[in-house]
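Source file: entry.pdb (PDB, C-alpha atoms)
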```
ATOM      1  CA  MET A   1      54.923  26.058 224.885
ATOM      2  CA  GLY A   2      58.180  25.566 222.970
ATOM      3  CA  HIS A   3      60.495  26.372 225.887
ATOM      4  CA  ALA A   4      60.643  26.827 229.648
ATOM      5  CA  ARG A   5      63.234  28.291 231.989
ATOM      6  CA  GLY A   6      63.974  28.549 235.668
ATOM      7  CA  THR A   7      66.692  28.268 238.276
ATOM      8  CA  ILE A   8      67.625  25.532 240.709
ATOM      9  CA  ASP A   9      66.845  27.890 243.585
ATOM     10  CA  GLU A  10      63.313  28.449 242.244
ATOM     11  CA  LEU A  11      62.669  24.717 242.491
ATOM     12  CA  GLY A  12      62.508  24.888 246.274
ATOM     13  CA  ASP A  13      64.575  23.580 249.150
ATOM     14  CA  GLY A  14      65.812  20.129 249.962
ATOM     15  CA  VAL A  15      68.081  17.627 248.311
ATOM     16  CA  PHE A  16      65.961  16.858 245.213
ATOM     17  CA  ARG A  17      64.908  19.653 242.869
ATOM     18  CA  LYS A  18      62.483  18.328 240.222
ATOM     19  CA  VAL A  19      63.740  19.950 237.002
ATOM     20  CA  ARG A  20      61.731  17.719 234.648
ATOM     21  CA  ARG A  21      58.396  18.474 236.252
ATOM     22  CA  ALA A  22      59.070  22.198 236.690
ATOM     23  CA  LEU A  23      60.098  22.693 233.063
ATOM     24  CA  GLY A  24      57.654  20.237 231.516
ATOM     25  CA  ILE A  25      60.347  17.927 230.103
ATOM     26  CA  SER A  26      59.036  14.661 228.691
ATOM     27  CA  ALA A  27      61.917  13.409 226.491
ATOM     28  CA  PHE A  28      64.343  12.569 229.342
ATOM     29  CA  GLY A  29      64.668  12.711 233.108
ATOM     30  CA  ALA A  30      66.282  15.708 234.784
ATOM     31  CA  ASN A  31      66.819  16.527 238.434
ATOM     32  CA  ALA A  32      69.083  18.764 240.402
ATOM     33  CA  MET A  33      70.499  17.599 243.699
ATOM     34  CA  VAL A  34      71.878  19.849 246.405
ATOM     35  CA  LEU A  35      73.938  17.927 248.949
ATOM     36  CA  PRO A  36      75.177  19.934 251.943
ATOM     37  CA  PRO A  37      78.727  19.381 253.242
ATOM     38  CA  GLY A  38      79.115  16.077 255.060
ATOM     39  CA  THR A  39      76.282  14.293 253.196
ATOM     40  CA  GLN A  40      76.180  11.407 250.741
ATOM     41  CA  TRP A  41      73.643   9.758 248.464
ATOM     42  CA  PHE A  42      72.763   6.081 248.519
ATOM     43  CA  GLU A  43      74.443   3.457 246.384
ATOM     44  CA  HIS A  44      71.919   2.767 243.650
ATOM     45  CA  PHE A  45      71.357   1.655 240.068
ATOM     46  CA  HIS A  46      68.520   1.820 237.556
ATOM     47  CA  ASP A  47      66.696  -0.807 235.522
ATOM     48  CA  ASP A  48      66.783   1.093 232.236
ATOM     49  CA  GLN A  49      68.006   4.646 232.607
ATOM     50  CA  ASP A  50      71.614   5.742 232.135
ATOM     51  CA  GLU A  51      72.566   8.862 234.061
ATOM     52  CA  LEU A  52      74.812  11.805 233.308
ATOM     53  CA  TYR A  53      76.009  13.773 236.331
ATOM     54  CA  PHE A  54      77.168  17.376 235.850
ATOM     55  CA  VAL A  55      78.814  19.194 238.766
ATOM     56  CA  HIS A  56      77.477  22.726 238.719
ATOM     57  CA  ARG A  57      78.988  23.876 242.019
ATOM     58  CA  GLY A  58      81.061  22.340 244.791
ATOM     59  CA  ARG A  59      83.101  19.121 244.838
ATOM     60  CA  GLY A  60      81.633  15.687 244.402
ATOM     61  CA  ALA A  61      83.221  12.316 245.056
ATOM     62  CA  PHE A  62      81.928   9.313 243.131
ATOM     63  CA  GLN A  63      82.396   5.588 243.568
ATOM     64  CA  VAL A  64      81.648   3.569 240.430
ATOM     65  CA  GLU A  65      82.859   0.049 239.624
ATOM     66  CA  GLY A  66      85.390   0.078 242.463
ATOM     67  CA  GLU A  67      86.907   3.408 241.373
ATOM     68  CA  THR A  68      86.685   6.476 243.578
ATOM     69  CA  PHE A  69      87.255   9.913 242.039
ATOM     70  CA  GLU A  70      86.413  13.558 242.595
ATOM     71  CA  LEU A  71      84.938  16.103 240.206
ATOM     72  CA  GLY A  72      84.737  19.859 240.587
ATOM     73  CA  PRO A  73      82.661  22.484 238.775
ATOM     74  CA  GLY A  74      82.173  21.513 235.158
ATOM     75  CA  GLY A  75      82.951  17.849 235.857
ATOM     76  CA  LEU A  76      80.959  15.139 234.081
ATOM     77  CA  CYS A  77      80.320  11.478 234.843
ATOM     78  CA  HIS A  78      78.209   9.030 232.796
ATOM     79  CA  VAL A  79      77.024   5.817 234.452
ATOM     80  CA  GLU A  80      75.188   3.060 232.610
ATOM     81  CA  SER A  81      71.832   2.072 234.060
ATOM     82  CA  THR A  82      72.646  -1.173 235.893
ATOM     83  CA  THR A  83      76.050  -0.059 237.173
ATOM     84  CA  PRO A  84      75.880   0.673 240.924
ATOM     85  CA  ARG A  85      77.074   4.124 241.892
ATOM     86  CA  ARG A  86      77.264   6.353 244.948
ATOM     87  CA  PHE A  87      78.355   9.936 245.408
ATOM     88  CA  TRP A  88      78.905  12.402 248.205
ATOM     89  CA  ASN A  89      79.828  15.968 248.928
ATOM     90  CA  ALA A  90      83.624  16.095 249.148
ATOM     91  CA  GLY A  91      83.857  19.805 249.888
ATOM     92  CA  ASP A  92      82.993  22.544 252.344
ATOM     93  CA  GLU A  93      80.109  24.072 250.381
ATOM     94  CA  ASP A  94      76.923  22.663 248.865
ATOM     95  CA  LEU A  95      77.434  20.163 246.064
ATOM     96  CA  VAL A  96      75.006  21.060 243.267
ATOM     97  CA  LEU A  97      74.529  18.396 240.599
ATOM     98  CA  LEU A  98      72.409  18.357 237.465
ATOM     99  CA  ILE A  99      71.447  14.757 236.701
ATOM    100  CA  VAL A 100      70.057  13.820 233.296
ATOM    101  CA  GLY A 101      68.663  10.342 232.698
ATOM    102  CA  GLY A 102      67.532   8.582 229.571
ATOM    103  CA  LYS A 103      67.246   5.289 227.721
ATOM    104  CA  ASP A 104      67.110   3.858 224.213
ATOM    105  CA  GLY A 105      70.191   5.604 222.944
ATOM    106  CA  TYR A 106      71.288   8.575 220.983
ATOM    107  CA  ILE A 107      68.891   9.542 218.218
ATOM    108  CA  GLY A 108      71.561  11.123 216.037
ATOM    109  CA  ARG A 109      72.192  14.684 215.063
ATOM    110  CA  ASP A 110      68.879  16.135 214.006
ATOM    111  CA  GLY A 111      69.459  19.870 214.478
ATOM    112  CA  HIS A 112      68.863  22.384 211.698
ATOM    113  CA  MET A 113      69.683  26.061 211.290
ATOM    114  CA  VAL A 114      66.618  28.300 211.021
ATOM    115  CA  ASP A 115      68.608  30.506 208.637
ATOM    116  CA  PRO A 116      70.501  28.296 206.132
ATOM    117  CA  ALA A 117      73.143  31.027 205.873
ATOM    118  CA  ASP A 118      74.148  30.212 209.460
ATOM    119  CA  GLU A 119      75.402  26.762 208.407
ATOM    120  CA  ASP A 120      78.734  28.176 207.168
ATOM    121  CA  ARG A 121      79.192  30.082 210.447
ATOM    122  CA  ARG A 122      78.373  26.914 212.423
ATOM    123  CA  ARG A 123      81.041  24.968 210.527
ATOM    124  CA  ALA A 124      83.570  27.792 211.065
ATOM    125  CA  ALA A 125      82.844  27.862 214.816
ATOM    126  CA  ALA A 126      83.154  24.059 215.034
ATOM    127  CA  ALA A 127      86.564  24.395 213.360
ATOM    128  CA  GLY A 128      87.651  26.873 216.045
ATOM    129  CA  ASP A 129      86.848  30.259 214.449
ATOM    130  CA  LEU A 130      85.059  31.964 217.338
ATOM    131  CA  SER A 131      84.697  35.187 215.360
ATOM    132  CA  ALA A 132      81.901  33.376 213.497
ATOM    133  CA  ILE A 133      79.799  33.362 216.673
ATOM    134  CA  ALA A 134      80.922  36.663 218.231
ATOM    135  CA  ARG A 135      78.070  38.925 219.303
ATOM    136  CA  ARG A 136      78.281  42.343 217.732
ATOM    137  CA  HIS A 137      76.756  45.452 219.285
ATOM    138  CA  GLY A 138      75.223  43.382 222.099
ATOM    139  CA  SER A 139      72.311  42.022 220.064
ATOM    140  CA  PRO A 140      71.568  38.420 219.039
ATOM    141  CA  GLU A 141      70.191  39.744 215.758
ATOM    142  CA  THR A 142      73.687  40.925 214.772
ATOM    143  CA  LEU A 143      75.403  37.580 215.402
ATOM    144  CA  GLY A 144      78.224  37.154 212.928
ATOM    145  CA  SER A 145      77.712  40.504 211.208
ATOM    146  CA  ASP A 146      79.787  43.666 211.253
TER     147      ASP A 146
END
```

Using structure tokens, write down the structure that the file contains.
Amino acid sequence: MGHARGTIDELGDGVFRKVRRALGISAFGANAMVLPPGTQWFEHFHDDQDELYFVHRGRGAFQVEGETFELGPGGLCHVESTTPRRFWNAGDEDLVLLIVGGKDGYIGRDGHMVDPADEDRRRAAAAGDLSAIARRHGSPETLGSD
């Protein structure tokens, strides 16, 4: 199958929600964590795998390399593999994190437009022209057309 979808809630209860397994991901690691108010995760590091933390909901506090900081919804934190880190719920609601792990570096930009005509619209959108990606008439098939 070329794609899979789901929700964090569908992955069950508990702190760890196994995104990689549920969606059949093999190219990188992916987990969700749901930390209730008043909880923290252990200080840890990895042998090989860098991690990217994305705060989906709630407030998270992180301690990395002697620095302590908080991130709210939409916040991002990258930590290299062997750098110890810890994090905790700094708010009054569940802290929901998406954690993506990987190793061996960025492979470069290898994306391609299915329709070569979309390349000009992609460049326009990247330059800030959001009209190039506006949905018209509520249908993906009419993207960028009048």

Specify as a ChimeraX atom specification each residue included when the PyMOL selection byres ((chain A and resi 85) around 8) is applied to this file. /A:43-45,62-65,79,83-84,86-87

Taking all atoms of range 114-133 of chain A that the file lists and extending 5 Å past them on each side, where is the centre of the axis-aligned box and how long are its edges? Answer in Å to one decimal, as JSON.
```
{"center_x": 77.1, "center_y": 29.6, "center_z": 211.6, "size_x": 31.0, "size_y": 21.1, "size_z": 21.5}
```

Leaving out range 18-28 of chain A and any residue of its chain fewer than 3 positions from it, which residues lie within 9 Å of it when counting all atoms listed in the file, given as a VMD selection string? chain A and resid 3 to 8 11 to 12 31 to 33 98 100 to 103

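From CA of Val55 in chain A back to CA of Leu71 in chain A, the distance works out to 7.0 Å.
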
Measuring between only C-alpha atoms, which one of A:Arg17, A:His46, A:Arg57, A:Arg135 shows the shortest distance to Val96 in chain A?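 Of A:Arg17, A:His46, A:Arg57, A:Arg135, the one nearest Val96 in chain A, counting only C-alpha atoms, is A:Arg57.
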
Could you tell me which of A:Gly14, A:Gly91, A:His78, A:Val34 comes closest to Gly58 in chain A if we count all atoms listed in the file?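 For Gly58 in chain A, the nearest of the given residues is A:Gly91.
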
Name the residues that the PyMOL selection byres ((chain A and resi 90) around 9) picks from the file above, as a PDB file with C-alpha atoms, keeping the file's coordinate frame, using the file's chain letters and numbers.
```pdb
ATOM      1  CA  PRO A  37      78.727  19.381 253.242  1.00  0.00           C
ATOM      2  CA  GLY A  38      79.115  16.077 255.060  1.00  0.00           C
ATOM      3  CA  THR A  39      76.282  14.293 253.196  1.00  0.00           C
ATOM      4  CA  GLN A  40      76.180  11.407 250.741  1.00  0.00           C
ATOM      5  CA  GLY A  58      81.061  22.340 244.791  1.00  0.00           C
ATOM      6  CA  ARG A  59      83.101  19.121 244.838  1.00  0.00           C
ATOM      7  CA  GLY A  60      81.633  15.687 244.402  1.00  0.00           C
ATOM      8  CA  ALA A  61      83.221  12.316 245.056  1.00  0.00           C
ATOM      9  CA  GLU A  70      86.413  13.558 242.595  1.00  0.00           C
ATOM     10  CA  PHE A  87      78.355   9.936 245.408  1.00  0.00           C
ATOM     11  CA  TRP A  88      78.905  12.402 248.205  1.00  0.00           C
ATOM     12  CA  ASN A  89      79.828  15.968 248.928  1.00  0.00           C
ATOM     13  CA  GLY A  91      83.857  19.805 249.888  1.00  0.00           C
ATOM     14  CA  ASP A  92      82.993  22.544 252.344  1.00  0.00           C
ATOM     15  CA  GLU A  93      80.109  24.072 250.381  1.00  0.00           C
ATOM     16  CA  LEU A  95      77.434  20.163 246.064  1.00  0.00           C
TER      17      LEU A  95
END
```

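CA of Glu80 in chain A lies 8.8 Å from CA of Leu52 in chain A.
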
Find the distance between CA of Asp104 in chain A and CA of Asp50 in chain A and write it in Å to one decimal.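 That distance, rounded to one decimal, is 9.3 Å.
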
Please expand the PyMOL selection byres ((chain A and resi 74) around 7) into the concrete residues it hits in this file, giving the result as a list in words.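 For this structure, the PyMOL selection byres ((chain A and resi 74) around 7) resolves to Phe54, Val55, His56, Gly72, Pro73, Gly75 and Leu76 of chain A.
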
Atoms are missing here; could range 82-96 of chain A be completed with N, CA and C atoms and written as a JSON list (two decimals), in the frame of the given file?
```json
[["chain", "number", "residue", "atom", "x", "y", "z"],
["A", 82, "THR", "N", 72.55, -0.12, 234.89],
["A", 82, "THR", "CA", 72.65, -1.17, 235.89],
["A", 82, "THR", "C", 73.95, -1.16, 236.69],
["A", 83, "THR", "N", 74.79, -0.17, 236.44],
["A", 83, "THR", "CA", 76.05, -0.06, 237.17],
["A", 83, "THR", "C", 75.80, 0.66, 238.49],
["A", 84, "PRO", "N", 76.06, 0.00, 239.64],
["A", 84, "PRO", "CA", 75.88, 0.67, 240.92],
["A", 84, "PRO", "C", 76.82, 1.87, 241.04],
["A", 85, "ARG", "N", 76.29, 2.91, 241.68],
["A", 85, "ARG", "CA", 77.07, 4.12, 241.89],
["A", 85, "ARG", "C", 76.64, 4.77, 243.21],
["A", 86, "ARG", "N", 77.57, 5.52, 243.78],
["A", 86, "ARG", "CA", 77.26, 6.35, 244.95],
["A", 86, "ARG", "C", 78.07, 7.62, 244.81],
["A", 87, "PHE", "N", 77.62, 8.67, 245.45],
["A", 87, "PHE", "CA", 78.36, 9.94, 245.41],
["A", 87, "PHE", "C", 78.09, 10.70, 246.69],
["A", 88, "TRP", "N", 79.01, 11.62, 246.98],
["A", 88, "TRP", "CA", 78.90, 12.40, 248.20],
["A", 88, "TRP", "C", 79.55, 13.76, 248.01],
["A", 89, "ASN", "N", 79.24, 14.64, 248.93],
["A", 89, "ASN", "CA", 79.83, 15.97, 248.93],
["A", 89, "ASN", "C", 81.23, 15.85, 249.52],
["A", 90, "ALA", "N", 82.23, 16.20, 248.72],
["A", 90, "ALA", "CA", 83.62, 16.10, 249.15],
["A", 90, "ALA", "C", 84.21, 17.45, 249.51],
["A", 91, "GLY", "N", 83.36, 18.47, 249.64],
["A", 91, "GLY", "CA", 83.86, 19.80, 249.89],
["A", 91, "GLY", "C", 83.23, 20.46, 251.10],
["A", 92, "ASP", "N", 83.47, 21.76, 251.21],
["A", 92, "ASP", "CA", 82.99, 22.54, 252.34],
["A", 92, "ASP", "C", 81.79, 23.42, 252.01],
["A", 93, "GLU", "N", 81.30, 23.32, 250.78],
["A", 93, "GLU", "CA", 80.11, 24.07, 250.38],
["A", 93, "GLU", "C", 79.12, 23.09, 249.76],
["A", 94, "ASP", "N", 77.90, 23.54, 249.49],
["A", 94, "ASP", "CA", 76.92, 22.66, 248.86],
["A", 94, "ASP", "C", 77.47, 22.08, 247.56],
["A", 95, "LEU", "N", 77.18, 20.81, 247.34],
["A", 95, "LEU", "CA", 77.43, 20.16, 246.06],
["A", 95, "LEU", "C", 76.14, 20.25, 245.27],
["A", 96, "VAL", "N", 76.18, 20.90, 244.12],
["A", 96, "VAL", "CA", 75.01, 21.06, 243.27],
["A", 96, "VAL", "C", 75.25, 20.28, 241.98]]
```
